[in-house]
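Chemist: First, the structure itself, so that you have it in front of you.
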Amino acid sequence: MAVPSFVDKVTLHVAGGSGGDGVASVHREKFKPLGGPDGGNGGNGGSVILVVGADVTTLIDFHHEPHRRGTNGAPGAGNNRSGSNGDDLVLRVPEGTVVKDQTGEVLADMTGPGTELVIAQGGRGGLGNSALASSKRKAPGFALKGEPGDELTITLELKVVADIGLIGFPSAGKSSLIAAVSRARPKIADYPFTTLAPNLGVVTAGSTTFTVADVPGLIEGASEGRGLGHDFLRHVERCAALVHVIDCATVDPGRDPLTDLDVIEAELKAYSDATGSDLLDRPRLVALNKTDVPDAKEIAGFVRDELEARGLDVFDVSAASHAGLRELSFAMAEIVASRRAAAPVVEVTRIVLRPKAEAGVGREFTITQINDQWVVRGEKPKRWVRQTDFANDEAVGFLADRLNRLGVEDELLKLGASPGDDVVIGDEDNAVVFDFDPQIPAGAEVLGRRGEDLRIDQSDRRTNVQRREELAARRAWEAEKREARTDSREPDWSFPEDEDDLESGDVPGMLDGGEGEDVR
Ligand SMILES: Nc1nc2c(ncn2[C@@H]2O[C@H](COP(=O)(O)OP(=O)(O)OP(=O)(O)O)[C@@H](O)[C@H]2O)c(=O)[nH]1
Ligand SMILES: [Mg+2]
């Protein structure tokens, strides 16, 4: 099997590391058996980051290893110890790499050394029960699970970033030309399609230094796949100008400089039509090559007027004798310099790619009814479900509280959901189905023993109205007692114990905890 040495298109599967789970633990000391929650948070998973490396020229590494993922975060531990974060995986890509998703949409165009793209974020670590404790939930018997990292399949496509592109028929002398004007040393031979992958050379003319790309030869019908096809033309898409390298010494029947130029132009047009590229807008220069050959010099003389009449700048050159190369180099430099003056400087950027907001702009979630199921979509609900340990009732209750605070229950009621309906949250392949039970009053104070949530089994809780009535009755009873006390002047410590009484901050109707609102 041939081993490719230059790869300019690869499919890559990337995944951020998973976040570590938070831990539920209770501080223990001698004589202090229940010292409060001290479970630490899980560490964040490492992300996969693409970064432009100045010395990277091919995507070959990814061709050999197409699956890459960041390291997982470590779980938290007791005594408030957080798990360590996973390591980011930094993948170096060549300048000019275009990153696309599976649908072909461009996610990023990696130009400028140092430009970074966080393509797959690591999952966030789950909070430990210490971080989940609040004045309402003093000793949570659960912790949040770490979230999985982003996972996606992308294509990397290399578009060589050169200032000038050399195009022409096979054996026109493109590689000879780049070898003559730069220190590039591509393979040169007298058979067609010597060049199979682009070569880059650096040229200095006057005060301008620029890069020139020599690409494989084009022939008539390249757009239909003849020869090496025309896909490699993407390597000259970013060039400031194209140089037609024309072989004036060819003895092939049916070929002459003007016909050759027309054929190549037709292929450029076919490429632009097929890809939507704006390649045709590039300025052109014409290098009439091999003028060291006497017949070729003569032919060059014949066609010059016609080419100039078409508005083209024409140069008689010889890659062999180096005649005319200085003029050609300065003409290329001039175009590059004016384009650079007009174009903004490429700044080093760090792009963080985030999943698109599922619920739409400005909305935390949406609910749609699909086949008798209520499907809740939204980043927060989805994440919260992933963080939930469904084996732990208290954790499930915490999830219910969060969803209610977000307004999911209200919205479901508004849309006409009735008790017992299926409510689906999460990704299609990983969805969780709940029974809609709007009777469950939200509130952390009704939690039972650690890891339990009384609301889940019990539906005969007092309603708010009942609670208010009881409170009023108790106040009346207290007032009566106080009166009796003032009468007798005797202290009375017999106070009724009711641990389920409303706390000072509780207003009927707002029993939903209200704290830990933005727990990640
Ligand atoms: N006499 C003469 N021969 C040249 C000149 N430039 C190139 N050649 C010859 O033409 C042949 C093809 O040259 P290459 O530079 O490989 O041509 P190319 O355009 O890169 O060809 P492909 O890579 O196949 O597309 C070689 O034998 C070169 O020596 C020139 O200026 N004068
Ligand atoms: Mg070549």
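Each chain of the structure tokens is named A, B, ... in the order shown, its residues numbered from 1; ligands are numbered from 1 in display order.
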DSSP says strand (DSSP E) for which residues of segment 296-328 of chain A? Put them as a ChimeraX atom specification?
Modeler: /A:313-316
Chemist: List every residue of chain A that has an atom at most 6 Å from any atom of ligand 1, and for each one report the closest atom pair and its distance in Å to one decimal, counting only C-alpha atoms and all ligand atoms, with rows sorted by chain and then by increasing residue number, as a tab-separated table.
Modeler:
```
residue	atom	partner	partner_atom_place_in_ligand_line	distance
A:Pro170	CA	ligand 1	25 (O)	3.3
A:Ser171	CA	ligand 1	21 (O)	3.3
A:Ala172	CA	ligand 1	19 (O)	4.0
A:Gly173	CA	ligand 1	17 (O)	3.5
A:Lys174	CA	ligand 1	19 (O)	3.7
A:Ser175	CA	ligand 1	20 (O)	3.7
A:Ser176	CA	ligand 1	15 (O)	3.6
A:Ile188	CA	ligand 1	16 (O)	3.5
A:Ala189	CA	ligand 1	16 (O)	4.4
A:Asp190	CA	ligand 1	27 (O)	3.5
A:Pro192	CA	ligand 1	24 (O)	3.9
A:Phe193	CA	ligand 1	24 (O)	3.3
A:Thr194	CA	ligand 1	24 (O)	3.8
A:Thr195	CA	ligand 1	23 (O)	3.6
A:Pro216	CA	ligand 1	25 (O)	4.8
A:Gly217	CA	ligand 1	25 (O)	3.6
A:Asn289	CA	ligand 1	31 (O)	5.3
A:Lys290	CA	ligand 1	31 (O)	3.4
A:Asp292	CA	ligand 1	32 (N)	5.8
A:Val293	CA	ligand 1	1 (N)	5.8
A:Ser318	CA	ligand 1	31 (O)	3.7
A:Ala319	CA	ligand 1	31 (O)	3.6
A:Ala320	CA	ligand 1	31 (O)	4.0
```
Chemist: Quick one: residues within 6 Å of segment 244-247 of chain A, only C-alpha atoms, excluding same-chain residues fewer than 6 positions away - as an MDAnalysis selection string?
Modeler: chainID A and resid 167:168 172 286:289
Chemist: Might you pull out every residue within 10 Å of segment 20-31 of chain A, with only C-alpha atoms counted and same-chain residues fewer than 4 positions away left off, and present them as JSON, numbers by chain?
Modeler: {"A": [35, 36, 37, 38, 39, 40, 41, 42, 43, 44, 45, 72, 73, 74, 75, 76, 77, 78, 79, 80, 81, 82, 83, 84, 85, 86, 123, 124, 125, 126, 127, 128, 129, 130, 131, 132, 139, 140, 141, 142, 143, 144, 145, 146, 147, 148, 387, 389, 451]}
Chemist: What's the separation between atom CA of Ala391 of chain A and atom CA of Asp372 of chain A, in Å to one decimal place?
Modeler: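 These atoms are spaced 26.3 Å apart.
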Chemist: Would you work out the distance separating atom CA of His235 of chain A from atom CA of Asp8 of chain A, expressed in Å to one decimal?
Modeler: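 That distance, rounded to one decimal, is 9.4 Å.
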Chemist: Determine, counting only C-alpha atoms, which protein, DNA and RNA residues have an atom within 8 Å of an atom of Thr349 of chain A; residues of the same chain fewer than 2 positions away are not included. Present the result as a PDB file with C-alpha atoms, in the first residue's frame.
Modeler:
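Final output, saved to out_2.pdb:
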```
ATOM      1  CA  GLY A 114      -1.010  30.456  17.173  1.00  0.00           C
ATOM      2  CA  THR A 115      -4.685  30.654  16.246  1.00  0.00           C
ATOM      3  CA  GLU A 116      -6.581  28.275  18.486  1.00  0.00           C
ATOM      4  CA  GLU A 347      -4.664  38.456  14.450  1.00  0.00           C
ATOM      5  CA  ILE A 351     -12.079  30.626  19.038  1.00  0.00           C
TER       6      ILE A 351
END
```
Chemist: What's the 9 Å shell around Asp435 of chain A, counting only C-alpha atoms, without same-chain residues fewer than 3 positions away, as a PyMOL selection string?
Modeler: chain A and resi 419-424
Chemist: Mind writing the picked residues with N, CA and C atoms as an mmCIF file, in the first residue's frame?
Modeler:
```
data_model
loop_
_atom_site.group_PDB
_atom_site.id
_atom_site.type_symbol
_atom_site.label_atom_id
_atom_site.label_comp_id
_atom_site.auth_asym_id
_atom_site.auth_seq_id
_atom_site.Cartn_x
_atom_site.Cartn_y
_atom_site.Cartn_z
ATOM 1 N N PRO A 419 -51.211 15.020 34.338
ATOM 2 C CA PRO A 419 -50.422 14.107 35.168
ATOM 3 C C PRO A 419 -50.335 12.731 34.525
ATOM 4 N N GLY A 420 -49.158 12.141 34.568
ATOM 5 C CA GLY A 420 -48.968 10.824 33.985
ATOM 6 C C GLY A 420 -48.402 10.875 32.576
ATOM 7 N N ASP A 421 -48.442 12.048 31.948
ATOM 8 C CA ASP A 421 -47.879 12.177 30.597
ATOM 9 C C ASP A 421 -46.359 11.959 30.645
ATOM 10 N N ASP A 422 -45.826 11.486 29.534
ATOM 11 C CA ASP A 422 -44.370 11.318 29.452
ATOM 12 C C ASP A 422 -43.700 12.648 29.136
ATOM 13 N N VAL A 423 -42.673 12.953 29.905
ATOM 14 C CA VAL A 423 -41.870 14.143 29.629
ATOM 15 C C VAL A 423 -40.453 13.662 29.328
ATOM 16 N N VAL A 424 -39.951 14.051 28.155
ATOM 17 C CA VAL A 424 -38.649 13.555 27.716
ATOM 18 C C VAL A 424 -37.627 14.700 27.731
#
```
Chemist: Which residue gives the smallest distance to ligand 2 among A:Gly301, A:Pro198, A:Gly96, A:Gly221, with only C-alpha atoms and all ligand atoms counted?
Modeler: A:Pro198
Chemist: Excluding segment 51-57 of chain A and its own-chain neighbours fewer than 6 positions away, which residues fall within 7 Å of it when counting only C-alpha atoms? Please give them as a VMD selection string.
Modeler: chain A and resid 90 to 95 110 112 to 117
Chemist: What parts of segment 61-207 of chain A does DSSP call helix (DSSP H, G or I)? I'd like the answer as a PyMOL selection string.
Modeler: chain A and resi 61-64+129-132+174-181
Chemist: Can you write just those residues out, C-alpha atoms, as a short mmCIF file (atom, residue, chain, number, x, y, z; two decimals), in the first residue's frame?
Modeler:
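The file below, part-v8.cif, is the result:
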```
data_model
loop_
_atom_site.label_atom_id
_atom_site.label_comp_id
_atom_site.auth_asym_id
_atom_site.auth_seq_id
_atom_site.Cartn_x
_atom_site.Cartn_y
_atom_site.Cartn_z
CA ASP A 61 -0.85 12.63 11.53
CA PHE A 62 -4.63 12.73 11.63
CA HIS A 63 -4.83 10.37 8.69
CA HIS A 64 -3.02 7.78 10.77
CA ASN A 129 -22.24 17.64 48.21
CA SER A 130 -20.19 20.28 50.01
CA ALA A 131 -20.75 22.75 47.17
CA LEU A 132 -24.41 21.76 46.93
CA LYS A 174 5.84 25.35 -12.79
CA SER A 175 8.11 23.38 -10.50
CA SER A 176 11.18 24.58 -12.43
CA LEU A 177 9.98 28.15 -11.96
CA ILE A 178 9.45 27.89 -8.21
CA ALA A 179 12.86 26.22 -7.91
CA ALA A 180 14.40 29.11 -9.86
CA VAL A 181 12.85 31.91 -7.78
#
```
Chemist: Any idea what the distance is between atom CA of Arg282 of chain A and atom CA of Ala241 of chain A?
Modeler: 5.2 Å
Chemist: For Gly276 of chain A, which of A:Ile154, A:Arg234, A:Ala222, A:Ala331 is the closest residue, counting only C-alpha atoms?
Modeler: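 Selected residue with least distance to Gly276 of chain A: A:Arg234.
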